[in-house]
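Asks: I am attaching a structure below and will ask some questions about it afterwards.
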Amino acid sequence: MEIPETPPGDETAPRQQSKVVDEEEWKKKWEQKNTSFHKDQVHRLLRAHLNALLNSRIGLRIFFPLCGKAVDMKWLADMGHTITGVDVSEIGLKDFFTEQNIPYVEEDVPAIPGAKLFKSSSGNISLYCCSFYDFISYAKTVLSLMEQDCCYLLVTVLYNPVLIEGPPFYVPNSVIEKLYGESCDIRLLQTVDSLDERTRGWGLDYYCERIHLLTLKANSP
């Protein structure tokens with residue numbers, strides 16, 4: 001199937017641009033166990049393109065923004081990497097440690113009012129419970145954390161935005177370029193057809209996941 005770079009109805013996409021799942025809505029999803037977005041297996045695009053992230057390096061520090069209880073974190077920690085995650089849902093973070101059978105401790109974070117830190121007893125996984133959107137904006141915060149040799153894997157989705165408002169939200173190439181193009185080189189690694197029974201049920205006729213590799217440009221700070 002050929003996937004359009006600019007899906008039909010792209011002109012309606014601006015109605016999504018100011019839409020976010022706010023803090024209370026996100027917490028409510030976890031409280032009601034409305035977490036069909038959670039995958040109980042390592043994301044297939046991460047598994048397929050892990051070498052692009054690692055680039056032959058070992059013992060990396062890997063950051064998971066909006067991490068929930070992503071099983072990918074344990075997968076990477078078991079390889080010897082150090083994991084830091086952030087999510088506003090305490091339920092999701094505790095579920096991660098419980099479901100993965102990882103002993104952990106809970107600590108306050110004096111530098112961030114109201115925040116908590118859930119840390120594995122081994123010290124290689126640290127998950128912060130606070131709002132990532134308190135850090136001005138997602139893209140700016142991620143860029144501020146990137147060092148010159150950092151590799152950033154970004155997964156986005158494409159579909160006809162006329163049909164649903166999201167989440168998950170439709171992210172065309174133009175938005176990625178606007179957010180990251182000035183600071184980063186952006187390379188599309190793969191596009192996969194992820195249309196299934198669930199997404200067909202939303203009324204979609206196509207649904208794609210795309211994985212991009214972002215690296216800082218040579219002249220970026």
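Following the order of the structure tokens, first chain is A, next is B, and so on, with residues numbered from 1 inside each chain and ligands from 1 in the order they appear.
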Identify all residues of segment 58-202 of chain A in helix (DSSP H, G or I) (DSSP on the backbone) and supply them as an MDAnalysis selection string.
Replies: chainID A and resid 72:77 90:99 132:134 138:145 173:180 197:201
Asks: List every residue of segment 125-183 of chain A that DSSP, applied to the backbone, labels as strand (DSSP E), and write the result as an MDAnalysis selection string.
Replies: chainID A and resid 125:129 151:158
Asks: Write the selection just made, keeping N, CA and C atoms, as a CSV table (one decimal), in the first residue's frame?
Replies:
```
chain,number,residue,atom,x,y,z
A,125,ILE,N,17.2,2.1,37.0
A,125,ILE,CA,15.9,2.6,36.5
A,125,ILE,C,15.4,3.6,37.4
A,126,SER,N,15.2,4.9,37.0
A,126,SER,CA,14.7,6.0,37.8
A,126,SER,C,13.5,6.6,37.0
A,127,LEU,N,12.3,6.5,37.6
A,127,LEU,CA,11.1,7.0,37.0
A,127,LEU,C,10.5,8.1,37.8
A,128,TYR,N,10.4,9.3,37.2
A,128,TYR,CA,9.9,10.5,37.9
A,128,TYR,C,8.4,10.6,37.7
A,129,CYS,N,7.7,10.9,38.8
A,129,CYS,CA,6.2,11.1,38.7
A,129,CYS,C,6.0,12.6,38.8
A,151,CYS,N,21.5,10.1,20.1
A,151,CYS,CA,20.6,9.6,19.1
A,151,CYS,C,19.2,9.5,19.6
A,152,TYR,N,18.2,10.1,18.9
A,152,TYR,CA,16.9,10.2,19.4
A,152,TYR,C,16.0,9.5,18.4
A,153,LEU,N,15.3,8.4,18.9
A,153,LEU,CA,14.3,7.7,18.0
A,153,LEU,C,12.9,8.3,18.3
A,154,LEU,N,12.3,8.7,17.3
A,154,LEU,CA,10.9,9.3,17.4
A,154,LEU,C,10.0,8.5,16.6
A,155,VAL,N,8.9,8.0,17.2
A,155,VAL,CA,7.9,7.3,16.5
A,155,VAL,C,6.7,8.2,16.4
A,156,THR,N,6.2,8.3,15.2
A,156,THR,CA,4.9,9.1,14.9
A,156,THR,C,3.9,8.3,14.2
A,157,VAL,N,2.7,8.8,14.1
A,157,VAL,CA,1.7,8.1,13.4
A,157,VAL,C,1.1,9.0,12.3
A,158,LEU,N,0.6,8.3,11.2
A,158,LEU,CA,0.0,9.0,10.1
A,158,LEU,C,-1.4,8.3,9.9
```
Asks: Pick the closest to Gln100 of chain A from A:Asp78, A:Glu31, A:Glu24, A:Asp196: which is it, counting only C-alpha atoms?
Replies: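 Ranking A:Asp78, A:Glu31, A:Glu24, A:Asp196 by distance to Gln100 of chain A, first place goes to A:Asp78.
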Asks: Using only C-alpha atoms for the distances, tell me which of A:Phe37, A:Tyr104, A:Tyr180, A:Phe64 is nearest to Phe132 of chain A.
Replies: A:Phe64
Asks: When distances are computed from only C-alpha atoms, which of A:Arg57, A:Lys94, A:Arg198, A:Lys27 shows the smallest separation from Met79 of chain A?
Replies: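 Result for the nearest residue to Met79 of chain A: A:Arg57.
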Asks: Write out as a PyMOL selection string which residues come within 12 Å of Leu50 of chain A when counting only C-alpha atoms, dropping same-chain ones fewer than 2 positions away.
Replies: chain A and resi 42-48+52-57+72+75-76+79+151-153+189+211-213
Asks: For the residues in that selection, give me N, CA and C atoms as a PDB file, in the first residue's frame.
Replies:
```pdb
ATOM      1  N   VAL A  42       8.000  -5.325  23.523  1.00  0.00           N
ATOM      2  CA  VAL A  42       8.890  -4.258  23.067  1.00  0.00           C
ATOM      3  C   VAL A  42       8.421  -3.771  21.701  1.00  0.00           C
ATOM      4  N   HIS A  43       8.394  -2.472  21.506  1.00  0.00           N
ATOM      5  CA  HIS A  43       7.914  -1.899  20.251  1.00  0.00           C
ATOM      6  C   HIS A  43       8.730  -2.445  19.086  1.00  0.00           C
ATOM      7  N   ARG A  44       8.034  -2.928  18.078  1.00  0.00           N
ATOM      8  CA  ARG A  44       8.726  -3.600  16.972  1.00  0.00           C
ATOM      9  C   ARG A  44       9.676  -2.667  16.222  1.00  0.00           C
ATOM     10  N   LEU A  45       9.371  -1.367  16.178  1.00  0.00           N
ATOM     11  CA  LEU A  45      10.265  -0.444  15.478  1.00  0.00           C
ATOM     12  C   LEU A  45      11.523  -0.166  16.297  1.00  0.00           C
ATOM     13  N   LEU A  46      11.388  -0.143  17.620  1.00  0.00           N
ATOM     14  CA  LEU A  46      12.577  -0.002  18.468  1.00  0.00           C
ATOM     15  C   LEU A  46      13.459  -1.230  18.323  1.00  0.00           C
ATOM     16  N   ARG A  47      12.856  -2.405  18.340  1.00  0.00           N
ATOM     17  CA  ARG A  47      13.630  -3.637  18.207  1.00  0.00           C
ATOM     18  C   ARG A  47      14.356  -3.679  16.857  1.00  0.00           C
ATOM     19  N   ALA A  48      13.650  -3.249  15.803  1.00  0.00           N
ATOM     20  CA  ALA A  48      14.226  -3.311  14.454  1.00  0.00           C
ATOM     21  C   ALA A  48      15.356  -2.316  14.256  1.00  0.00           C
ATOM     22  N   ALA A  52      20.539   1.708  15.454  1.00  0.00           N
ATOM     23  CA  ALA A  52      20.609   3.139  15.129  1.00  0.00           C
ATOM     24  C   ALA A  52      20.676   3.972  16.397  1.00  0.00           C
ATOM     25  N   LEU A  53      19.998   3.498  17.441  1.00  0.00           N
ATOM     26  CA  LEU A  53      20.033   4.202  18.716  1.00  0.00           C
ATOM     27  C   LEU A  53      21.356   3.998  19.435  1.00  0.00           C
ATOM     28  N   LEU A  54      21.805   2.757  19.501  1.00  0.00           N
ATOM     29  CA  LEU A  54      23.014   2.451  20.271  1.00  0.00           C
ATOM     30  C   LEU A  54      24.285   2.877  19.556  1.00  0.00           C
ATOM     31  N   ASN A  55      24.317   2.708  18.236  1.00  0.00           N
ATOM     32  CA  ASN A  55      25.485   3.111  17.444  1.00  0.00           C
ATOM     33  C   ASN A  55      26.770   2.508  18.017  1.00  0.00           C
ATOM     34  N   SER A  56      26.696   1.210  18.335  1.00  0.00           N
ATOM     35  CA  SER A  56      27.835   0.436  18.851  1.00  0.00           C
ATOM     36  C   SER A  56      28.295   0.865  20.244  1.00  0.00           C
ATOM     37  N   ARG A  57      27.475   1.641  20.941  1.00  0.00           N
ATOM     38  CA  ARG A  57      27.846   2.099  22.281  1.00  0.00           C
ATOM     39  C   ARG A  57      27.214   1.202  23.341  1.00  0.00           C
ATOM     40  N   ASP A  72       9.692  -1.625  27.244  1.00  0.00           N
ATOM     41  CA  ASP A  72      10.960  -1.351  26.574  1.00  0.00           C
ATOM     42  C   ASP A  72      12.033  -0.918  27.568  1.00  0.00           C
ATOM     43  N   TRP A  75      13.721  -3.941  29.052  1.00  0.00           N
ATOM     44  CA  TRP A  75      14.478  -4.584  27.972  1.00  0.00           C
ATOM     45  C   TRP A  75      15.835  -3.914  27.792  1.00  0.00           C
ATOM     46  N   LEU A  76      15.840  -2.594  27.791  1.00  0.00           N
ATOM     47  CA  LEU A  76      17.090  -1.851  27.613  1.00  0.00           C
ATOM     48  C   LEU A  76      17.941  -1.870  28.881  1.00  0.00           C
ATOM     49  N   MET A  79      20.067  -4.824  29.183  1.00  0.00           N
ATOM     50  CA  MET A  79      21.254  -4.800  28.321  1.00  0.00           C
ATOM     51  C   MET A  79      22.409  -4.040  28.961  1.00  0.00           C
ATOM     52  N   CYS A 151      21.466  10.082  20.112  1.00  0.00           N
ATOM     53  CA  CYS A 151      20.597   9.559  19.060  1.00  0.00           C
ATOM     54  C   CYS A 151      19.182   9.497  19.618  1.00  0.00           C
ATOM     55  N   TYR A 152      18.240  10.098  18.918  1.00  0.00           N
ATOM     56  CA  TYR A 152      16.861  10.207  19.381  1.00  0.00           C
ATOM     57  C   TYR A 152      15.955   9.481  18.397  1.00  0.00           C
ATOM     58  N   LEU A 153      15.294   8.427  18.862  1.00  0.00           N
ATOM     59  CA  LEU A 153      14.336   7.716  18.028  1.00  0.00           C
ATOM     60  C   LEU A 153      12.945   8.256  18.313  1.00  0.00           C
ATOM     61  N   LEU A 189      13.618   6.203   9.120  1.00  0.00           N
ATOM     62  CA  LEU A 189      14.195   4.864   9.074  1.00  0.00           C
ATOM     63  C   LEU A 189      13.237   3.839   8.475  1.00  0.00           C
ATOM     64  N   ILE A 211       9.245   5.610  12.135  1.00  0.00           N
ATOM     65  CA  ILE A 211      10.313   5.826  13.103  1.00  0.00           C
ATOM     66  C   ILE A 211      11.394   6.672  12.450  1.00  0.00           C
ATOM     67  N   HIS A 212      11.781   7.722  13.165  1.00  0.00           N
ATOM     68  CA  HIS A 212      12.749   8.697  12.669  1.00  0.00           C
ATOM     69  C   HIS A 212      13.971   8.700  13.594  1.00  0.00           C
ATOM     70  N   LEU A 213      15.127   8.906  13.009  1.00  0.00           N
ATOM     71  CA  LEU A 213      16.358   9.080  13.787  1.00  0.00           C
ATOM     72  C   LEU A 213      16.743  10.547  13.741  1.00  0.00           C
TER      73      LEU A 213
END
```
Asks: Using only C-alpha atoms, which protein or nucleic acid residues come within 12 Å of Trp26 of chain A? Drop anything in the same chain fewer than 5 positions from it, and give the result as a PyMOL selection string.
Replies: chain A and resi 20-21+31-35+37+66+68+87-92+131+167
Asks: What does the distance between atom CA of Trp30 of chain A and atom CA of Leu117 of chain A come to in Å, to one decimal place?
Replies: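 A separation of 18.3 Å between them.
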Asks: Determine the nearest neighbour of Lys140 of chain A from the options A:Asp40, A:Asn173, A:Ser121, A:Ser183, counting only C-alpha atoms.
Replies: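 The closest residue to Lys140 of chain A is A:Ser183.
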Asks: Rounded to one decimal in Å, what is the spacing between atom CA of Ser174 of chain A and atom CA of Arg187 of chain A?
Replies: 13.3 Å
Asks: Please compute the atom CA of Val86 of chain A-atom CA of Pro103 of chain A distance, one decimal, in Å.
Replies: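 Interatomic distance here is 18.3 Å.
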Asks: So that I can check the surroundings of Ala77 of chain A, please list as an MDAnalysis selection string every protein, DNA and RNA residue that reaches within 10 Å of it, counting only C-alpha atoms and ignoring chain neighbours fewer than 3 positions away.
Replies: chainID A and resid 59:62 72:74 80:83 124:125
Asks: So, counting only C-alpha atoms, which residue among A:Thr98, A:Thr215, A:Ser120, A:Asn160 is closest to Arg200 of chain A?
Replies: A:Asn160
Asks: For each of A:Ala139, A:Ala70, A:Ala115, A:Leu204, take the minimum atom-to-atom distance to Glu99 of chain A, counting only C-alpha atoms, then give the residue where this is smallest.
Replies: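 Under the stated criterion, the closest residue is A:Ala70.
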